[in-house]
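File shown here: work-v4.csv, holding CSV, C-alpha atoms.
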chain,number,residue,atom,x,y,z
A,1031,MET,CA,24.0,6.4,7.2
A,1032,CYS,CA,21.8,7.1,4.2
A,1033,LEU,CA,23.0,5.6,1.0
A,1034,VAL,CA,22.6,8.9,-0.8
A,1035,GLY,CA,25.7,10.0,0.9
A,1036,TYR,CA,27.8,7.6,-1.1
A,1037,LYS,CA,29.8,9.1,-4.0
A,1038,SER,CA,28.9,7.5,-7.3
A,1039,LYS,CA,31.8,6.1,-9.3
A,1040,LEU,CA,29.7,6.3,-12.4
A,1041,PRO,CA,30.5,9.1,-14.9
A,1042,THR,CA,28.1,12.0,-15.3
A,1043,LEU,CA,26.5,11.8,-18.7
A,1044,PRO,CA,26.5,15.2,-20.5
A,1045,ILE,CA,23.3,16.1,-22.4
A,1046,LYS,CA,24.2,15.6,-26.0
A,1047,LYS,CA,22.5,16.7,-29.1
A,1048,GLN,CA,20.5,13.7,-30.4
A,1049,SER,CA,21.2,12.3,-33.8
A,1050,SER,CA,18.2,12.6,-36.2
A,1051,HIS,CA,17.6,8.8,-35.8
A,1052,LEU,CA,17.6,9.0,-32.0
A,1053,PHE,CA,15.6,12.1,-31.9
A,1054,MET,CA,12.8,10.5,-33.9
A,1055,ALA,CA,12.9,7.5,-31.7
A,1056,SER,CA,12.6,9.5,-28.5
A,1057,SER,CA,9.7,8.5,-26.3
A,1058,CYS,CA,9.2,12.2,-25.6
A,1059,PHE,CA,9.5,13.9,-29.0
A,1060,LEU,CA,7.3,11.5,-30.8
A,1061,ARG,CA,4.8,10.7,-28.1
A,1062,GLN,CA,2.1,9.1,-30.2
A,1063,ILE,CA,4.6,6.3,-31.1
A,1064,LEU,CA,4.0,4.8,-27.6
A,1065,PHE,CA,0.7,3.3,-28.4
A,1066,SER,CA,0.7,3.3,-32.2
A,1067,SER,CA,3.6,0.9,-32.0
A,1068,LEU,CA,2.2,-1.2,-29.2
A,1069,PRO,CA,3.3,-4.8,-29.5
A,1070,THR,CA,0.8,-7.0,-31.0
A,1071,LYS,CA,1.1,-9.5,-28.2
A,1072,LEU,CA,-0.6,-7.1,-25.8
A,1073,PRO,CA,-4.4,-7.3,-25.7
A,1074,PRO,CA,-6.0,-4.4,-27.7
A,1075,ARG,CA,-8.5,-2.0,-26.1
A,1076,SER,CA,-12.0,-2.4,-27.3
A,1077,ASP,CA,-12.2,1.3,-27.9
A,1078,PRO,CA,-10.0,3.5,-30.1
A,1079,LEU,CA,-6.9,5.0,-28.5
A,1080,SER,CA,-7.4,8.5,-30.0
A,1081,PRO,CA,-7.4,11.0,-27.2
A,1082,LYS,CA,-10.4,12.8,-28.9
A,1083,LYS,CA,-12.6,9.8,-28.2
A,1084,LEU,CA,-11.4,9.3,-24.6
A,1085,SER,CA,-13.3,10.7,-21.7
A,1086,CYS,CA,-14.1,10.1,-18.1
A,1087,SER,CA,-17.3,8.4,-19.2
A,1088,SER,CA,-15.3,5.6,-20.8
A,1089,PRO,CA,-16.7,2.1,-20.2
A,1090,PHE,CA,-13.4,1.4,-18.5
A,1091,THR,CA,-14.3,3.8,-15.7
A,1092,ALA,CA,-16.6,2.3,-13.1
A,1093,SER,CA,-19.2,4.1,-11.0
A,1094,LEU,CA,-17.3,4.1,-7.7
A,1095,SER,CA,-16.7,7.8,-6.9
A,1096,VAL,CA,-14.2,9.6,-4.7
A,1097,SER,CA,-16.9,10.3,-2.2
A,1098,SER,CA,-18.0,6.7,-2.0
A,1099,ILE,CA,-14.4,5.6,-1.4
A,1100,GLY,CA,-14.2,8.4,1.2
A,1101,ARG,CA,-17.2,6.9,3.0
A,1102,LEU,CA,-15.6,3.5,2.9
A,1103,THR,CA,-12.4,5.0,4.3
A,1104,ASN,CA,-14.2,6.9,7.1
A,1105,SER,CA,-16.1,3.8,8.1
A,1106,ARG,CA,-12.9,1.8,8.2
A,1107,ARG,CA,-11.2,4.4,10.3
A,1108,LYS,CA,-14.1,4.3,12.8
A,1109,LEU,CA,-13.6,0.6,13.1
A,1110,SER,CA,-9.9,1.2,14.0
A,1111,GLU,CA,-8.7,-0.6,10.9
A,1112,VAL,CA,-6.1,2.1,10.3
A,1113,LYS,CA,-3.4,3.5,12.6
A,1114,SER,CA,-1.6,6.7,11.7
A,1115,MET,CA,1.7,7.6,13.2
A,1116,SER,CA,3.5,11.0,13.0
A,1117,THR,CA,7.3,11.0,13.0
A,1118,GLU,CA,10.0,13.4,14.1
A,1119,LYS,CA,11.2,16.9,13.1
A,1120,GLY,CA,12.4,18.6,9.9
A,1121,LYS,CA,11.8,16.3,6.9
A,1122,GLU,CA,10.3,13.8,9.4
A,1123,GLU,CA,7.4,16.2,9.9
A,1124,LYS,CA,6.5,15.6,6.3
A,1125,LYS,CA,6.5,11.9,6.7
A,1126,LYS,CA,3.7,9.7,8.1
A,1127,VAL,CA,3.0,6.0,8.3
A,1128,GLU,CA,-0.4,4.5,7.8
A,1129,ILE,CA,-1.0,0.9,8.7
A,1130,PHE,CA,-4.0,-1.1,7.3
A,1131,ASP,CA,-5.5,-4.3,8.5
A,1132,THR,CA,-5.7,-5.7,5.0
A,1133,GLU,CA,-4.1,-5.0,1.6
A,1134,GLU,CA,-7.7,-4.4,0.3
A,1135,ASN,CA,-8.2,-1.5,2.7
A,1136,LEU,CA,-4.8,-0.2,1.7
A,1137,ALA,CA,-5.7,-0.2,-2.0
A,1138,VAL,CA,-9.0,1.7,-1.2
A,1139,GLU,CA,-7.1,4.4,0.7
A,1140,LEU,CA,-4.4,4.6,-1.9
A,1141,ALA,CA,-7.0,5.2,-4.6
A,1142,LYS,CA,-8.6,8.0,-2.5
A,1143,TYR,CA,-5.2,9.6,-1.8
A,1144,THR,CA,-4.3,9.6,-5.5
A,1145,ALA,CA,-7.7,10.8,-6.7
A,1146,ASP,CA,-7.6,13.7,-4.2
A,1147,LEU,CA,-4.2,14.8,-5.4
A,1148,SER,CA,-5.3,14.4,-9.0
A,1149,ASP,CA,-8.3,16.7,-8.3
A,1150,LYS,CA,-6.1,19.2,-6.5
A,1151,TYR,CA,-3.5,19.6,-9.2
A,1152,CYS,CA,-5.9,19.4,-12.1
A,1153,LYS,CA,-7.7,22.4,-10.6
A,1154,GLU,CA,-4.6,24.3,-9.7
A,1155,LYS,CA,-2.4,23.9,-12.8
A,1156,GLY,CA,-4.5,21.9,-15.3
A,1157,ALA,CA,-2.3,18.8,-15.2
A,1158,PHE,CA,-1.3,15.9,-12.9
A,1159,THR,CA,2.2,14.3,-13.3
A,1160,VAL,CA,2.3,10.8,-11.9
A,1161,VAL,CA,5.3,8.4,-11.7
A,1162,VAL,CA,4.9,4.7,-10.9
A,1163,SER,CA,7.3,1.8,-10.2
A,1164,GLY,CA,6.6,-1.8,-11.2
A,1165,GLY,CA,6.1,-4.9,-9.1
A,1166,SER,CA,3.3,-5.2,-6.6
A,1167,LEU,CA,2.6,-1.5,-6.6
A,1168,ILE,CA,0.6,-1.8,-9.8
A,1169,LYS,CA,-1.7,-4.3,-8.2
A,1170,SER,CA,-2.4,-1.9,-5.4
A,1171,LEU,CA,-3.6,0.7,-7.9
A,1172,ARG,CA,-6.6,-1.5,-9.0
A,1173,LYS,CA,-9.1,0.5,-6.9
A,1174,LEU,CA,-8.1,3.7,-8.7
A,1175,VAL,CA,-9.6,2.3,-11.9
A,1176,GLU,CA,-13.0,2.3,-10.2
A,1177,VAL,CA,-13.0,6.0,-9.4
A,1178,GLY,CA,-15.4,7.7,-11.7
A,1179,SER,CA,-14.5,11.4,-11.2
A,1180,ILE,CA,-10.9,11.5,-12.2
A,1181,ASP,CA,-10.0,13.7,-15.2
A,1182,TRP,CA,-7.7,11.2,-16.9
A,1183,SER,CA,-7.2,13.5,-19.9
A,1184,ARG,CA,-5.0,15.7,-17.7
A,1185,TRP,CA,-2.7,12.9,-16.4
A,1186,HIS,CA,0.9,12.6,-17.5
A,1187,PHE,CA,2.2,9.1,-16.7
A,1188,PHE,CA,5.9,8.2,-16.2
A,1189,TRP,CA,8.0,5.3,-14.8
A,1190,VAL,CA,10.5,5.7,-12.0
A,1191,ASP,CA,12.4,2.8,-13.4
A,1192,GLU,CA,12.2,0.3,-16.3
A,1193,ARG,CA,13.9,-2.9,-17.4
A,1194,VAL,CA,15.6,-2.6,-20.7
A,1195,VAL,CA,13.5,-5.2,-22.5
A,1196,PRO,CA,10.9,-5.1,-25.3
A,1197,LYS,CA,7.5,-3.7,-24.2
A,1198,HIS,CA,5.8,-7.0,-24.7
A,1199,HIS,CA,8.4,-8.8,-22.5
A,1200,GLU,CA,7.1,-10.3,-19.2
A,1201,ASP,CA,9.7,-8.3,-17.3
A,1202,SER,CA,8.6,-5.0,-18.7
A,1203,ASN,CA,7.2,-2.5,-16.2
A,1204,TYR,CA,5.4,-0.9,-19.2
A,1205,LYS,CA,3.6,-4.2,-20.0
A,1206,LEU,CA,2.7,-4.7,-16.3
A,1207,ALA,CA,1.2,-1.2,-16.1
A,1208,TYR,CA,-0.6,-1.5,-19.4
A,1209,ASP,CA,-2.2,-4.9,-18.6
A,1210,ALA,CA,-3.4,-3.9,-15.2
A,1211,PHE,CA,-4.0,-0.2,-15.4
A,1212,LEU,CA,-3.3,1.8,-18.6
A,1213,SER,CA,-5.6,-0.4,-20.7
A,1214,LYS,CA,-8.5,0.3,-18.3
A,1215,VAL,CA,-8.3,4.1,-18.0
A,1216,PRO,CA,-8.5,6.8,-20.8
A,1217,ILE,CA,-5.2,8.5,-20.3
A,1218,PRO,CA,-4.3,10.1,-23.7
A,1219,PRO,CA,-1.6,8.0,-25.5
A,1220,GLY,CA,0.5,11.1,-25.9
A,1221,ASN,CA,0.7,11.6,-22.2
A,1222,VAL,CA,2.2,8.2,-21.5
A,1223,TYR,CA,6.0,8.3,-21.5
A,1224,ALA,CA,7.7,4.9,-21.9
A,1225,ILE,CA,11.4,4.4,-22.5
A,1226,ASN,CA,12.8,3.8,-25.9
A,1227,ASP,CA,13.4,0.0,-25.6
A,1228,SER,CA,15.4,-0.2,-28.8
A,1229,LEU,CA,18.4,1.5,-27.1
A,1230,SER,CA,21.1,0.3,-24.7
A,1231,ALA,CA,20.6,1.0,-21.0
A,1232,GLU,CA,23.0,3.9,-21.1
A,1233,ALA,CA,21.4,5.5,-24.2
A,1234,ALA,CA,17.9,4.8,-22.9
A,1235,ALA,CA,18.6,6.6,-19.7
A,1236,GLU,CA,20.1,9.6,-21.6
A,1237,ASP,CA,17.1,9.6,-23.9
A,1238,TYR,CA,14.6,9.5,-21.0
A,1239,GLU,CA,16.4,12.4,-19.2
A,1240,THR,CA,16.3,14.4,-22.4
A,1241,CYS,CA,12.6,13.7,-22.6
A,1242,LEU,CA,12.1,15.0,-19.0
A,1243,LYS,CA,14.1,18.1,-19.7
A,1244,HIS,CA,12.0,18.8,-22.8
A,1245,LEU,CA,8.8,18.5,-20.7
A,1246,VAL,CA,10.3,20.9,-18.1
A,1247,GLN,CA,11.0,23.4,-20.8
A,1248,THR,CA,7.4,23.1,-22.1
A,1249,GLY,CA,5.9,23.5,-18.6
A,1250,VAL,CA,4.5,20.0,-18.3
A,1251,ILE,CA,6.7,19.1,-15.4
A,1252,ARG,CA,7.5,21.7,-12.7
A,1253,VAL,CA,11.0,22.4,-11.3
A,1254,SER,CA,11.8,22.3,-7.6
A,1255,GLU,CA,12.8,25.7,-6.4
A,1256,SER,CA,15.0,24.2,-3.7
A,1257,THR,CA,16.8,21.5,-5.7
A,1258,GLY,CA,16.5,22.5,-9.4
A,1259,PHE,CA,15.4,18.9,-10.2
A,1260,PRO,CA,12.0,18.0,-11.8
A,1261,LYS,CA,9.2,18.1,-9.3
A,1262,PHE,CA,6.5,15.5,-10.1
A,1263,ASP,CA,3.1,15.9,-8.4
A,1264,LEU,CA,3.0,12.3,-7.1
A,1265,MET,CA,5.5,9.4,-7.1
A,1266,LEU,CA,4.0,6.0,-6.3
A,1267,LEU,CA,6.7,3.6,-5.2
A,1268,GLY,CA,7.0,0.0,-4.1
A,1269,MET,CA,9.9,-1.6,-2.2
A,1270,GLY,CA,11.7,-4.8,-2.5
A,1271,PRO,CA,12.5,-7.3,0.3
A,1272,ASP,CA,16.1,-5.9,0.3
A,1273,GLY,CA,14.8,-2.4,0.8
A,1274,HIS,CA,15.5,-1.2,-2.8
A,1275,VAL,CA,13.3,1.4,-4.5
A,1276,ALA,CA,13.1,2.0,-8.2
A,1277,SER,CA,16.2,0.3,-9.4
A,1278,LEU,CA,18.4,1.7,-6.6
A,1279,PHE,CA,19.8,-1.3,-4.8
A,1280,PRO,CA,21.6,-1.5,-1.5
A,1281,GLY,CA,25.3,-0.6,-1.8
A,1282,HIS,CA,25.1,0.3,-5.5
A,1283,GLY,CA,27.1,3.4,-6.5
A,1284,LEU,CA,24.1,4.9,-8.3
A,1285,CYS,CA,22.4,5.5,-4.9
A,1286,GLY,CA,24.9,8.3,-4.4
A,1287,GLU,CA,24.3,10.0,-7.8
A,1288,GLU,CA,23.8,13.7,-7.2
A,1289,LYS,CA,23.7,15.3,-10.7
A,1290,ARG,CA,22.0,13.0,-13.2
A,1291,TRP,CA,18.2,12.8,-13.4
A,1292,VAL,CA,18.1,9.3,-14.9
A,1293,GLY,CA,20.8,6.7,-14.3
A,1294,PHE,CA,21.4,3.3,-15.8
A,1295,VAL,CA,22.2,-0.1,-14.3
A,1296,THR,CA,24.0,-3.0,-16.1
A,1297,ASP,CA,24.6,-5.1,-13.0
A,1298,SER,CA,21.3,-5.3,-11.2
A,1299,PRO,CA,21.4,-8.0,-8.5
A,1300,LYS,CA,17.8,-8.8,-9.5
A,1301,PRO,CA,17.2,-9.9,-13.1
A,1302,PRO,CA,17.0,-8.5,-15.7
A,1303,SER,CA,20.4,-6.9,-15.2
A,1304,GLU,CA,20.0,-3.8,-17.5
A,1305,ARG,CA,17.7,-1.1,-16.3
A,1306,ILE,CA,17.2,2.7,-16.1
A,1307,THR,CA,16.1,4.5,-13.0
A,1308,PHE,CA,15.4,7.9,-11.6
A,1309,THR,CA,18.0,9.1,-9.1
A,1310,PHE,CA,17.3,10.0,-5.5
A,1311,PRO,CA,17.5,13.8,-6.2
A,1312,VAL,CA,14.6,13.4,-8.6
A,1313,ILE,CA,12.6,11.1,-6.4
A,1314,ASN,CA,13.0,13.3,-3.4
A,1315,SER,CA,12.1,16.5,-5.3
A,1316,SER,CA,8.6,15.1,-5.8
A,1317,ALA,CA,5.8,17.0,-4.1
A,1318,HIS,CA,4.2,13.8,-2.8
A,1319,VAL,CA,5.6,10.3,-2.5
A,1320,ALA,CA,3.5,7.2,-1.6
A,1321,LEU,CA,5.7,4.2,-0.6
A,1322,VAL,CA,3.4,1.2,-0.7
A,1323,VAL,CA,4.6,-2.0,1.0
A,1324,CYS,CA,2.7,-5.2,1.7
A,1325,GLY,CA,3.7,-8.6,3.0
A,1326,SER,CA,5.7,-10.1,5.9
A,1327,GLY,CA,8.6,-10.8,3.5
A,1328,LYS,CA,9.4,-7.0,3.5
A,1329,ALA,CA,9.0,-6.4,7.3
A,1330,GLU,CA,12.7,-6.4,8.0
A,1331,ALA,CA,13.4,-3.8,5.3
A,1332,VAL,CA,10.5,-1.7,6.6
A,1333,GLU,CA,12.0,-1.8,10.1
A,1334,ALA,CA,15.5,-0.9,8.7
A,1335,ALA,CA,14.0,2.1,6.8
A,1336,LEU,CA,11.8,3.5,9.4
A,1337,LYS,CA,13.8,2.8,12.5
A,1338,LYS,CA,17.1,3.5,10.8
A,1339,THR,CA,18.5,0.2,11.9
A,1340,GLY,CA,20.1,-0.5,8.6
A,1341,ASP,CA,21.2,1.1,5.4
A,1342,VAL,CA,18.5,0.4,2.9
A,1343,PRO,CA,17.6,2.7,-0.1
A,1344,ALA,CA,14.0,3.0,1.1
A,1345,GLY,CA,15.2,4.8,4.1
A,1346,CYS,CA,16.6,7.6,1.9
A,1347,VAL,CA,13.2,8.4,0.3
A,1348,SER,CA,11.7,11.8,1.1
A,1349,ALA,CA,9.3,14.3,-0.5
A,1350,GLU,CA,9.1,18.1,-0.6
A,1351,GLU,CA,5.6,18.2,0.7
A,1352,GLU,CA,4.6,14.8,2.0
A,1353,LEU,CA,5.9,11.2,2.2
A,1354,VAL,CA,3.3,8.6,3.2
A,1355,TRP,CA,4.1,5.0,3.9
A,1356,PHE,CA,1.2,2.7,3.1
A,1357,LEU,CA,1.7,-0.5,5.0
A,1358,ASP,CA,-0.4,-3.6,5.7
A,1359,LYS,CA,-0.1,-5.3,9.0
A,1360,PRO,CA,2.3,-8.1,7.9
A,1361,ALA,CA,4.7,-5.5,6.4
A,1362,CYS,CA,5.0,-3.6,9.7
A,1363,SER,CA,5.1,-6.6,12.0
A,1364,LYS,CA,8.6,-5.7,13.2
A,1365,LEU,CA,7.9,-2.1,14.0
Render the structure in this file as structure tokens.
Amino acid sequence: MCLVGYKSKLPTLPIKKQSSHLFMASSCFLRQILFSSLPTKLPPRSDPLSPKKLSCSSPFTASLSVSSIGRLTNSRRKLSEVKSMSTEKGKEEKKKVEIFDTEENLAVELAKYTADLSDKYCKEKGAFTVVVSGGSLIKSLRKLVEVGSIDWSRWHFFWVDERVVPKHHEDSNYKLAYDAFLSKVPIPPGNVYAINDSLSAEAAAEDYETCLKHLVQTGVIRVSESTGFPKFDLMLLGMGPDGHVASLFPGHGLCGEEKRWVGFVTDSPKPPSERITFTFPVINSSAHVALVVCGSGKAEAVEAALKKTGDVPAGCVSAEEELVWFLDKPACSKL
């Protein structure tokens, strides 16, 4: 049984009018604060962070193009390094599983997949809304930095979950993404939406949800016609060995949340204990979801999610247009 079916015991947070202090601290309403207040412990960029000086010709952007990645991918496919499997009916028709011989090949294909969607949505609507998790997922985005044709100025960058710690803390998903990705690509600072880490978990979740609702009202984020929840263009997710995604852990009441966009956790089984997280209705309203899993330590959770042999949160993930599982061979060893 999918965990989304569980009824949450947590109260629904009403959208409250923010106090002037909280309003000014919001990561949405004062977007430039994200980088202007960047902790000094983080390594500075060598170029200014002003969006006016950022372009796709930035020295951070290497010469590897989408077409060259495509050629690598096609060659790899000819060598039978990738196996694709279609699954069943209904929502299952929107899900596919891709298995790669190595994590390196997976990273190349993930970069191509993301770059293609970026190109599609930038042409169709002039913007690309991307959500990432933390953990090993960020490492798998390294090849994306090498794509020279991405229009980074049109990206809007979000987190599916975050630990309630300062941005310079080693447990911060913001710091992880900044060190490995954001510091290497010219996404405008005002298009990067971090949580307000000065608030409690509950207040930070409410603040982030308010931010998302503001961006829906201004047209930055679309709304799903079928669910009424925000519809991000692409959600890039990792998965834990226990099958958790975002900060939605097995058996936790928040897995059954049906109304809130952003929930909070104060009893995470994995430290740090306080976090905020998108709920399943938001995750599953995304146009595209890529679930990236590597390593034999996650093979049992992969089996439970794909074969429905156990109740793991990853098995509840879906997408409105397409869900793609990106797996290396060790991760799918039990399939």
Atom pair atom CA of Leu1266 of chain A + atom CA of Tyr1151 of chain A, distance 15.8 Å
List the residues sitting within 7 Å of (5.5, 14.6, -0.4) in the file's frame, using only C-alpha atoms, as a ChimeraX atom specification. /A:1124,1316-1319,1348-1353
File of the preceding selection, C-alpha atoms, as a PDB file, in the coordinates of the input:
ATOM      1  CA  LYS A1124       6.500  15.600   6.300  1.00  0.00           C
ATOM      2  CA  SER A1316       8.600  15.100  -5.800  1.00  0.00           C
ATOM      3  CA  ALA A1317       5.800  17.000  -4.100  1.00  0.00           C
ATOM      4  CA  HIS A1318       4.200  13.800  -2.800  1.00  0.00           C
ATOM      5  CA  VAL A1319       5.600  10.300  -2.500  1.00  0.00           C
ATOM      6  CA  SER A1348      11.700  11.800   1.100  1.00  0.00           C
ATOM      7  CA  ALA A1349       9.300  14.300  -0.500  1.00  0.00           C
ATOM      8  CA  GLU A1350       9.100  18.100  -0.600  1.00  0.00           C
ATOM      9  CA  GLU A1351       5.600  18.200   0.700  1.00  0.00           C
ATOM     10  CA  GLU A1352       4.600  14.800   2.000  1.00  0.00           C
ATOM     11  CA  LEU A1353       5.900  11.200   2.200  1.00  0.00           C
TER      12      LEU A1353
END
Taking only C-alpha atoms into account, name the residue in A:Ala1157, A:Val1253, A:Val1347, A:Val1342 that is nearest to Asn1221 of chain A. A:Ala1157
Kindly assemble as a Markdown table a list of the segment 1261-1334 of chain A residues that lie within 12 Å of segment 1129-1143 of chain A, each paired with its nearest atom pair and their distance in Å to one decimal, using all atoms listed in the file, sorted first by chain and then by ascending residue number.
| residue | atom | partner | partner_atom | distance |
| --- | --- | --- | --- | --- |
| A:Leu1264 | CA | A:Tyr1143 | CA | 10.1 |
| A:Met1265 | CA | A:Tyr1143 | CA | 11.9 |
| A:Leu1266 | CA | A:Leu1140 | CA | 9.6 |
| A:Leu1267 | CA | A:Leu1140 | CA | 11.6 |
| A:His1318 | CA | A:Tyr1143 | CA | 10.3 |
| A:Val1319 | CA | A:Tyr1143 | CA | 10.8 |
| A:Ala1320 | CA | A:Leu1140 | CA | 8.3 |
| A:Leu1321 | CA | A:Leu1140 | CA | 10.2 |
| A:Val1322 | CA | A:Leu1140 | CA | 8.6 |
| A:Val1323 | CA | A:Glu1133 | CA | 9.2 |
| A:Cys1324 | CA | A:Glu1133 | CA | 6.8 |
| A:Gly1325 | CA | A:Glu1133 | CA | 8.7 |
| A:Ser1326 | CA | A:Glu1133 | CA | 11.9 |
| A:Val1332 | CA | A:Ile1129 | CA | 12.0 |
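Note that the spacing between atom CA of Phe1294 of chain A and atom CA of Thr1240 of chain A amounts to 13.9 Å.
Among A:Glu1239, A:Val1215, A:Val1195, A:Glu1330, the residue with the shortest atom-to-atom distance to Lys1173 of chain A, counting all atoms listed in the file, is A:Val1215.
Excluding Trp1185 of chain A itself and same-chain residues fewer than 6 positions from it, the residues having an atom within 9 Å of it are A:Ser1148, A:Cys1152, A:Ala1157, A:Phe1158, A:Thr1159, A:Val1160, A:Ile1217, A:Pro1218, A:Asn1221, A:Val1222, counting all atoms listed in the file.
Counting only C-alpha atoms, the residue from A:Arg1290, A:Lys1169, A:His1282, A:Lys1155 that sits nearest to Ala1210 of chain A is A:Lys1169.
Our summary of the geometry notes that atom CA of Asn1226 of chain A is positioned 21.9 Å from atom CA of Phe1259 of chain A.
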Check the smallest atom-to-atom distance from each of A:Cys1362, A:Leu1229, A:Leu1174, A:Ala1145 to Pro1196 of chain A using all atoms listed in the file, then report the winner. A:Leu1229
Could you tell me which of A:Leu1278, A:Met1269, A:Lys1197, A:Ser1315 comes closest to Trp1355 of chain A if we count all atoms listed in the file? A:Met1269
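With distances restricted to only C-alpha atoms, A:Glu1232 is the closest residue to Thr1296 of chain A from A:Glu1232, A:Asp1181, A:Glu1333, A:Glu1255.
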Applying 8 Å and all atoms listed in the file, which residues near Pro1311 of chain A remain after dropping the ones on its own chain fewer than 4 positions away? List them as an NGL selection string. :A and (1257 or 1259 or 1287-1289 or 1291 or 1315)
